[in-house]
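Okay, my_file.tsv now, which holds TSV, C-alpha atoms:
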chain	number	residue	atom	x	y	z
A	5	MET	CA	78.40	-156.05	-45.68
A	6	GLY	CA	75.36	-157.91	-47.01
A	7	SER	CA	74.26	-158.83	-43.49
A	8	ALA	CA	74.64	-155.23	-42.32
A	9	ASP	CA	72.92	-153.70	-45.34
A	10	ILE	CA	69.61	-155.47	-44.64
A	11	ILE	CA	69.48	-154.17	-41.05
A	12	PRO	CA	67.94	-150.71	-40.39
A	13	GLY	CA	70.48	-148.70	-38.40
A	14	VAL	CA	73.58	-150.71	-39.36
A	15	SER	CA	75.81	-149.73	-42.28
A	16	GLY	CA	77.57	-152.00	-44.76
A	17	GLY	CA	80.07	-149.17	-45.18
A	18	THR	CA	80.95	-149.57	-41.51
A	19	ILE	CA	81.81	-153.24	-42.09
A	20	ALA	CA	83.95	-152.29	-45.10
A	21	LEU	CA	85.72	-149.75	-42.92
A	22	ILE	CA	86.64	-152.09	-40.08
A	23	THR	CA	87.77	-154.86	-42.43
A	24	GLY	CA	90.16	-152.47	-44.16
A	25	ILE	CA	88.62	-152.50	-47.66
A	26	TYR	CA	86.67	-149.22	-47.50
A	27	GLU	CA	88.97	-146.84	-49.38
A	28	ARG	CA	89.87	-149.51	-51.94
A	29	LEU	CA	86.16	-150.19	-52.49
A	30	VAL	CA	85.25	-146.52	-52.95
A	31	HIS	CA	88.20	-145.97	-55.30
A	32	ALA	CA	87.43	-149.12	-57.30
A	33	ILE	CA	83.81	-148.09	-57.83
A	34	GLY	CA	84.75	-144.49	-58.62
A	35	LYS	CA	87.26	-145.67	-61.24
A	36	ILE	CA	84.53	-147.32	-63.34
A	37	ASN	CA	83.67	-144.96	-66.21
A	38	PHE	CA	82.79	-147.49	-68.98
A	39	LYS	CA	85.55	-146.35	-71.33
A	40	PHE	CA	86.07	-150.03	-72.17
A	41	ILE	CA	82.82	-149.93	-74.20
A	42	LYS	CA	84.30	-147.62	-76.86
A	43	PRO	CA	86.78	-150.22	-78.29
A	44	LEU	CA	83.91	-152.73	-78.38
A	45	PHE	CA	81.96	-150.54	-80.82
A	46	LYS	CA	85.07	-150.26	-82.97
A	47	GLY	CA	85.49	-154.03	-83.04
A	48	ASP	CA	88.82	-153.83	-81.22
A	49	PHE	CA	88.30	-156.79	-78.86
A	50	SER	CA	91.89	-156.93	-77.62
A	51	GLU	CA	91.73	-153.27	-76.50
A	52	PHE	CA	88.28	-153.91	-75.00
A	53	LYS	CA	89.64	-156.80	-72.96
A	54	ARG	CA	92.65	-154.80	-71.79
A	55	SER	CA	90.56	-151.75	-70.81
A	56	PHE	CA	87.90	-153.92	-69.16
A	57	LEU	CA	90.39	-155.78	-66.99
A	58	ASP	CA	92.28	-152.57	-66.15
A	59	GLU	CA	89.18	-150.54	-65.19
A	60	ILE	CA	87.40	-153.07	-62.97
A	61	ASP	CA	88.96	-154.54	-59.82
A	62	PHE	CA	87.71	-158.12	-60.22
A	63	GLN	CA	89.82	-159.39	-57.32
A	64	LEU	CA	87.76	-157.14	-55.06
A	65	PHE	CA	84.33	-157.19	-56.69
A	66	ILE	CA	83.85	-160.91	-57.38
A	67	PRO	CA	84.30	-162.22	-53.80
A	68	LEU	CA	82.69	-159.10	-52.28
A	69	LEU	CA	79.53	-159.19	-54.41
A	70	LEU	CA	79.19	-162.95	-53.97
A	71	GLY	CA	79.45	-162.53	-50.21
A	72	ILE	CA	76.89	-159.71	-50.18
A	73	ALA	CA	74.43	-161.64	-52.35
A	74	ILE	CA	74.73	-164.87	-50.32
A	75	ALA	CA	74.32	-162.99	-47.03
A	76	MET	CA	71.23	-161.13	-48.24
A	77	LEU	CA	69.58	-164.27	-49.58
A	78	THR	CA	70.33	-166.47	-46.57
A	79	LEU	CA	70.09	-164.01	-43.68
A	80	SER	CA	67.14	-161.82	-44.68
A	81	LYS	CA	64.66	-164.18	-42.97
A	82	VAL	CA	66.89	-164.56	-39.90
A	83	ILE	CA	67.25	-160.79	-39.53
A	84	SER	CA	63.49	-160.32	-39.98
A	85	PHE	CA	62.87	-162.89	-37.21
A	86	LEU	CA	65.37	-161.29	-34.80
A	87	LEU	CA	64.08	-157.76	-35.40
A	88	GLU	CA	60.48	-158.93	-34.92
A	89	ASP	CA	60.84	-161.20	-31.86
A	90	TYR	CA	64.04	-160.01	-30.14
A	91	THR	CA	64.07	-156.31	-31.02
A	92	ALA	CA	65.75	-154.87	-27.92
A	93	ILE	CA	68.64	-157.33	-27.63
A	94	THR	CA	69.25	-157.30	-31.41
A	95	PHE	CA	69.55	-153.51	-31.46
A	96	ALA	CA	71.69	-153.60	-28.30
A	97	PHE	CA	74.17	-155.71	-30.25
A	98	PHE	CA	73.97	-153.26	-33.18
A	99	LEU	CA	74.55	-150.36	-30.77
A	100	GLY	CA	77.83	-151.93	-29.68
A	101	LEU	CA	78.83	-152.44	-33.32
A	102	ILE	CA	78.21	-148.81	-34.27
A	103	LEU	CA	79.90	-147.40	-31.13
A	104	ALA	CA	83.01	-149.47	-31.79
A	105	SER	CA	83.00	-148.54	-35.48
A	106	SER	CA	83.01	-144.83	-34.65
A	107	TYR	CA	85.92	-145.50	-32.28
A	108	VAL	CA	87.82	-147.26	-35.07
A	109	LEU	CA	87.22	-144.28	-37.34
A	110	TYR	CA	88.28	-141.86	-34.58
A	111	LYS	CA	91.70	-143.55	-34.35
A	112	GLN	CA	92.38	-142.73	-38.00
A	113	ILE	CA	92.30	-138.97	-37.41
A	114	VAL	CA	95.81	-137.70	-36.66
A	115	HIS	CA	95.44	-133.92	-36.57
A	116	PHE	CA	92.64	-132.73	-34.28
A	117	SER	CA	91.51	-129.10	-34.49
A	118	PRO	CA	88.42	-127.00	-33.71
A	119	LYS	CA	87.45	-127.41	-37.38
A	120	ILE	CA	87.50	-131.21	-37.09
A	121	ILE	CA	85.38	-131.09	-33.91
A	122	LEU	CA	82.90	-128.67	-35.52
A	123	ILE	CA	82.52	-130.91	-38.59
A	124	SER	CA	81.83	-133.90	-36.30
A	125	ILE	CA	79.18	-131.92	-34.40
A	126	ILE	CA	77.52	-130.89	-37.67
A	127	GLY	CA	77.47	-134.54	-38.81
A	128	PHE	CA	75.99	-135.61	-35.46
A	129	VAL	CA	73.20	-132.99	-35.52
A	130	LEU	CA	72.25	-133.69	-39.15
A	131	ALA	CA	72.18	-137.46	-38.61
A	132	TYR	CA	70.27	-137.19	-35.32
A	133	ILE	CA	67.57	-135.05	-36.95
A	134	PHE	CA	67.45	-137.17	-40.10
A	135	VAL	CA	66.95	-140.52	-38.38
A	136	GLY	CA	64.11	-139.01	-36.35
A	137	LEU	CA	62.05	-138.39	-39.47
A	138	ASN	CA	58.87	-140.38	-39.98
A	139	PRO	CA	58.66	-142.92	-42.83
A	140	ILE	CA	57.17	-141.59	-46.07
A	141	ALA	CA	53.97	-143.21	-47.27
A	142	THR	CA	54.53	-144.12	-50.91
A	143	ASN	CA	53.70	-146.73	-53.55
A	144	HIS	CA	55.80	-149.63	-54.81
A	145	THR	CA	55.84	-149.10	-58.57
A	146	LEU	CA	58.98	-150.01	-60.53
A	147	PRO	CA	60.07	-146.36	-61.05
A	148	VAL	CA	59.76	-145.74	-57.29
A	149	LEU	CA	61.77	-148.90	-56.53
A	150	PHE	CA	64.40	-147.78	-59.08
A	151	LEU	CA	64.76	-144.34	-57.42
A	152	SER	CA	64.77	-145.95	-53.95
A	153	GLY	CA	67.68	-148.11	-55.02
A	154	MET	CA	69.60	-145.06	-56.25
A	155	VAL	CA	69.13	-143.22	-52.95
A	156	ALA	CA	69.62	-146.17	-50.58
A	157	ILE	CA	72.88	-147.35	-52.15
A	158	CYS	CA	74.49	-143.96	-51.48
A	159	ALA	CA	73.80	-144.51	-47.79
A	160	MET	CA	74.95	-148.14	-47.85
A	161	ILE	CA	78.48	-147.16	-48.86
A	162	LEU	CA	78.78	-144.53	-46.11
A	163	PRO	CA	79.95	-145.74	-42.68
A	164	GLY	CA	77.23	-145.02	-40.13
A	165	ILE	CA	74.47	-144.39	-42.66
A	166	SER	CA	72.11	-147.33	-43.01
A	167	GLY	CA	70.77	-147.95	-46.50
A	168	ALA	CA	68.09	-150.17	-44.95
A	169	PHE	CA	66.99	-147.25	-42.79
A	170	ILE	CA	66.76	-145.02	-45.87
A	171	LEU	CA	64.46	-147.64	-47.39
A	172	LEU	CA	62.47	-147.61	-44.15
A	173	LEU	CA	62.03	-143.83	-44.44
A	174	LEU	CA	61.02	-144.20	-48.09
A	175	GLY	CA	58.42	-146.83	-47.14
A	176	GLN	CA	60.17	-149.55	-49.18
A	177	TYR	CA	62.07	-151.59	-46.58
A	178	HIS	CA	59.53	-154.28	-45.69
A	179	TYR	CA	58.30	-154.44	-49.28
A	180	MET	CA	61.81	-155.07	-50.66
A	181	LEU	CA	62.58	-157.55	-47.87
A	182	ASN	CA	59.47	-159.53	-48.88
A	183	ALA	CA	60.46	-159.24	-52.56
A	184	LEU	CA	63.89	-160.67	-51.68
A	185	ASN	CA	62.41	-163.50	-49.60
A	186	SER	CA	59.92	-164.42	-52.36
A	187	PHE	CA	62.52	-164.06	-55.18
A	188	ASN	CA	60.51	-161.44	-57.08
A	189	LEU	CA	63.14	-160.98	-59.76
A	190	VAL	CA	61.57	-158.06	-61.65
A	191	GLU	CA	61.39	-155.85	-58.57
A	192	VAL	CA	64.78	-156.97	-57.20
A	193	ILE	CA	66.50	-156.36	-60.58
A	194	THR	CA	64.83	-152.95	-60.94
A	195	PHE	CA	66.04	-151.97	-57.49
A	196	CYS	CA	69.56	-153.27	-58.22
A	197	VAL	CA	69.82	-151.35	-61.50
A	198	GLY	CA	68.89	-148.14	-59.67
A	199	ALA	CA	71.45	-148.97	-56.99
A	200	LEU	CA	74.15	-149.57	-59.61
A	201	ILE	CA	73.57	-146.20	-61.28
A	202	GLY	CA	73.46	-144.44	-57.90
A	203	ILE	CA	76.67	-145.94	-56.55
A	204	LEU	CA	78.67	-145.27	-59.73
A	205	GLY	CA	77.93	-141.55	-59.46
A	206	PHE	CA	78.17	-141.09	-55.70
A	207	SER	CA	81.37	-143.09	-55.28
A	208	LYS	CA	83.28	-140.63	-57.49
A	209	LEU	CA	82.41	-137.78	-55.12
A	210	LEU	CA	83.28	-139.86	-52.07
A	211	ASP	CA	86.56	-141.02	-53.61
A	212	TYR	CA	87.53	-137.38	-54.27
A	213	LEU	CA	86.73	-136.36	-50.68
A	214	LEU	CA	88.74	-139.24	-49.20
A	215	GLN	CA	91.74	-138.49	-51.40
A	216	HIS	CA	91.78	-134.70	-50.94
A	217	HIS	CA	89.98	-134.04	-47.63
A	218	GLU	CA	90.39	-137.32	-45.74
A	219	GLU	CA	90.36	-136.15	-42.12
A	220	ILE	CA	87.46	-133.72	-42.62
A	221	THR	CA	85.49	-136.51	-44.32
A	222	LEU	CA	86.31	-138.94	-41.49
A	223	ALA	CA	85.28	-136.35	-38.89
A	224	LEU	CA	81.94	-135.88	-40.64
A	225	LEU	CA	81.43	-139.66	-40.80
A	226	ILE	CA	82.17	-140.03	-37.07
A	227	GLY	CA	79.53	-137.43	-36.25
A	228	ILE	CA	77.05	-139.13	-38.56
A	229	MET	CA	77.68	-142.55	-36.99
A	230	ILE	CA	77.16	-141.23	-33.45
A	231	GLY	CA	74.04	-139.36	-34.55
A	232	THR	CA	72.51	-142.52	-36.00
A	233	LEU	CA	72.76	-144.17	-32.58
A	234	ARG	CA	69.37	-142.58	-32.00
A	235	ILE	CA	67.84	-145.52	-33.90
A	236	PRO	CA	69.12	-148.43	-31.75
A	237	VAL	CA	68.70	-146.41	-28.52
A	238	ASN	CA	65.04	-145.71	-29.35
A	239	GLN	CA	64.44	-149.35	-30.31
A	240	ILE	CA	66.05	-150.63	-27.10
A	241	THR	CA	64.23	-148.26	-24.73
A	242	THR	CA	60.90	-148.93	-26.48
A	243	ASN	CA	61.10	-152.72	-26.60
A	244	ILE	CA	63.20	-153.73	-23.58
A	245	GLY	CA	61.52	-155.53	-20.69
A	246	GLY	CA	61.49	-154.06	-17.22
A	247	SER	CA	63.42	-156.83	-15.51
A	248	LEU	CA	67.03	-156.53	-14.42
A	249	PHE	CA	67.86	-159.61	-16.50
A	250	ASP	CA	66.61	-157.96	-19.71
A	251	ILE	CA	68.66	-154.83	-19.04
A	252	ALA	CA	71.78	-156.83	-18.16
A	253	PHE	CA	71.40	-159.01	-21.27
A	254	CYS	CA	71.19	-155.91	-23.49
A	255	VAL	CA	74.30	-154.42	-21.85
A	256	ILE	CA	76.20	-157.70	-22.30
A	257	LEU	CA	75.28	-157.92	-26.00
A	258	MET	CA	76.26	-154.29	-26.51
A	259	ILE	CA	79.68	-155.03	-24.98
A	260	VAL	CA	79.99	-158.17	-27.14
A	261	GLY	CA	79.22	-156.12	-30.27
A	262	PHE	CA	81.76	-153.48	-29.30
A	263	ALA	CA	84.45	-156.06	-28.53
A	264	LEU	CA	83.77	-157.93	-31.77
A	265	ILE	CA	84.45	-154.84	-33.90
A	266	VAL	CA	87.59	-153.92	-31.95
A	267	LEU	CA	88.94	-157.46	-32.31
A	268	LEU	CA	88.10	-157.55	-36.03
A	269	GLU	CA	89.81	-154.19	-36.55
A	270	MET	CA	92.92	-155.43	-34.73
A	271	LYS	CA	92.95	-158.63	-36.77
A	272	PHE	CA	92.62	-156.94	-40.17
A	273	LYS	CA	95.08	-154.22	-39.22
A	274	TYR	CA	97.58	-156.94	-38.31
A	275	ILE	CA	96.98	-158.70	-41.65
A	276	GLU	CA	97.59	-155.47	-43.54

Taking this structure as input, can you express it in the form of structure tokens?
Amino acid sequence: MGSADIIPGVSGGTIALITGIYERLVHAIGKINFKFIKPLFKGDFSEFKRSFLDEIDFQLFIPLLLGIAIAMLTLSKVISFLLEDYTAITFAFFLGLILASSYVLYKQIVHFSPKIILISIIGFVLAYIFVGLNPIATNHTLPVLFLSGMVAICAMILPGISGAFILLLLGQYHYMLNALNSFNLVEVITFCVGALIGILGFSKLLDYLLQHHEEITLALLIGIMIGTLRIPVNQITTNIGGSLFDIAFCVILMIVGFALIVLLEMKFKYIE
């Protein structure tokens, strides 16, 4: 998820989906309401400990957050290099990942109806228009970084919606990538605090939708994921060379990306 979240056009939520932790992650975040703080003010440390351990899914969050942090710190420079020097083939690989992820999501819908198809079309149109917007010119003050974190994290937890792309639209992507590479702790912490507040609120809504309107929500997400394919397609067509080798290499990497997701989904489904 950390590797995906630093790439414009690729969603960490998609990775959570194919590895089988998506609904557990959304539910675990949505369950956090900070009720464990109340016993702390009363001096009841035993109740605080019990509530704290009951409210937060440490078995999920500790390894997940460690993995995300390590990936972001170690791969941010690699991703920057690939996007800068090998744009077309990198996005061809991402295209395969997103296509396969939408296929994985499609298999989870059992009852197809005109309503489901309509919801998917709406998601596709909205996403297609949204990702075609031009980046906003803005400053990089701490309040702006805080608000950017709140908005971007909502996208990061949605399959098919790239939080990195949201940052790109907000004019903060390259700035935050440089802040991460240079270990600018004040700006990184400010962004993370905004992200924490944003995800705690948004996850409750998403958890409700998945529990009460699962197939409609999945249909909308499928449409959104297909609509966001506009990003990698535009990047590939703009940056690809004219030779047959370049085209063939992009096609091969797209197939590799697609196959990788399908194999991962089969593996994790078997484990479950």

Practice task
For segment 19-33 of chain A, work out the shell of residues within 9 Å, counting only C-alpha atoms and skipping chain neighbours fewer than 4 positions away, then give it as a ChimeraX atom specification.
Solution key: /A:5,8,15,37,59-61,64-65,105,108-109,161,163,203-205,207-208,210-212,214,265-266,268-273,276

Spatial neighbours of Asn182 of chain A, max dist 12 Å, only C-alpha atoms, sep filter under 4 positions, as a compact mmCIF listing (two decimals) with C-alpha atoms, keeping the file's coordinate frame:
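Just written: result_27.txt:
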# COMPACT_ATOMS: atom_id res chain seq x y z
CA ILE A 10 69.61 -155.47 -44.64
CA MET A 76 71.23 -161.13 -48.24
CA LEU A 77 69.58 -164.27 -49.58
CA SER A 80 67.14 -161.82 -44.68
CA LYS A 81 64.66 -164.18 -42.97
CA SER A 84 63.49 -160.32 -39.98
CA GLN A 176 60.17 -149.55 -49.18
CA TYR A 177 62.07 -151.59 -46.58
CA HIS A 178 59.53 -154.28 -45.69
CA SER A 186 59.92 -164.42 -52.36
CA PHE A 187 62.52 -164.06 -55.18
CA ASN A 188 60.51 -161.44 -57.08
CA LEU A 189 63.14 -160.98 -59.76
CA GLU A 191 61.39 -155.85 -58.57
CA VAL A 192 64.78 -156.97 -57.20

To test the calculation: enclose all listed atoms of segment 182-199 of chain A in a box whose edges run along x, y and z, add 5 Å on each side, then state centre and edge lengths in Å to one decimal, as AutoDock Vina command-line options.
--center_x 65.5 --center_y -156.3 --center_z -55.3 --size_x 22.0 --size_y 26.3 --size_z 22.8

Exercise for the section: Tell me which protein, DNA and RNA residues are within 9 Å of Val260 of chain A, counting only C-alpha atoms, leaving out same-chain ones fewer than 4 positions away, and put them as a count of residues only. Expected result: 7

Problem - For Cys254 of chain A, the nearest of the candidates A:Leu99, A:Leu122, A:Ala183, A:Leu146, counting all atoms listed in the file - result: A:Leu99

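Proximity of A:Leu233, A:Leu209, A:Leu149, A:Ala75 to Cys196 of chain A, computed with only C-alpha atoms, is greatest for A:Leu149.
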
So that I can check the surroundings of Ile125 of chain A, please list as a PDB file with C-alpha atoms, in the coordinates of the input every protein, DNA and RNA residue that reaches within 10 Å of it, counting all atoms listed in the file and ignoring chain neighbours fewer than 5 positions away.
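Written file, out-v5.pdb:
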ATOM      1  CA  LYS A 119      87.450-127.410 -37.380  1.00  0.00           C
ATOM      2  CA  ILE A 120      87.500-131.210 -37.090  1.00  0.00           C
ATOM      3  CA  LEU A 130      72.250-133.690 -39.150  1.00  0.00           C
ATOM      4  CA  ALA A 131      72.180-137.460 -38.610  1.00  0.00           C
ATOM      5  CA  ALA A 223      85.280-136.350 -38.890  1.00  0.00           C
ATOM      6  CA  LEU A 224      81.940-135.880 -40.640  1.00  0.00           C
ATOM      7  CA  ILE A 226      82.170-140.030 -37.070  1.00  0.00           C
ATOM      8  CA  GLY A 227      79.530-137.430 -36.250  1.00  0.00           C
ATOM      9  CA  ILE A 228      77.050-139.130 -38.560  1.00  0.00           C
ATOM     10  CA  ILE A 230      77.160-141.230 -33.450  1.00  0.00           C
ATOM     11  CA  GLY A 231      74.040-139.360 -34.550  1.00  0.00           C
TER      12      GLY A 231
END

Handout entry: Distance query Arg234 of chain A at most 9 Å, only C-alpha atoms, self and fewer than 2 positions along chain excluded, as a list in words
Key =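 So, after excluding close chain neighbours, the residues are Gly13, Ala131, Tyr132, Val135, Gly136, Ile230, Gly231, Thr232, Pro236, Val237, Asn238 and Gln239 of chain A.
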
Exercise for the section: Quote the spacing between atom CA of Phe52 of chain A and atom CA of Gly153 of chain A in Å to one decimal place. Expected result: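 Distance reported for this atom pair: 29.3 Å.
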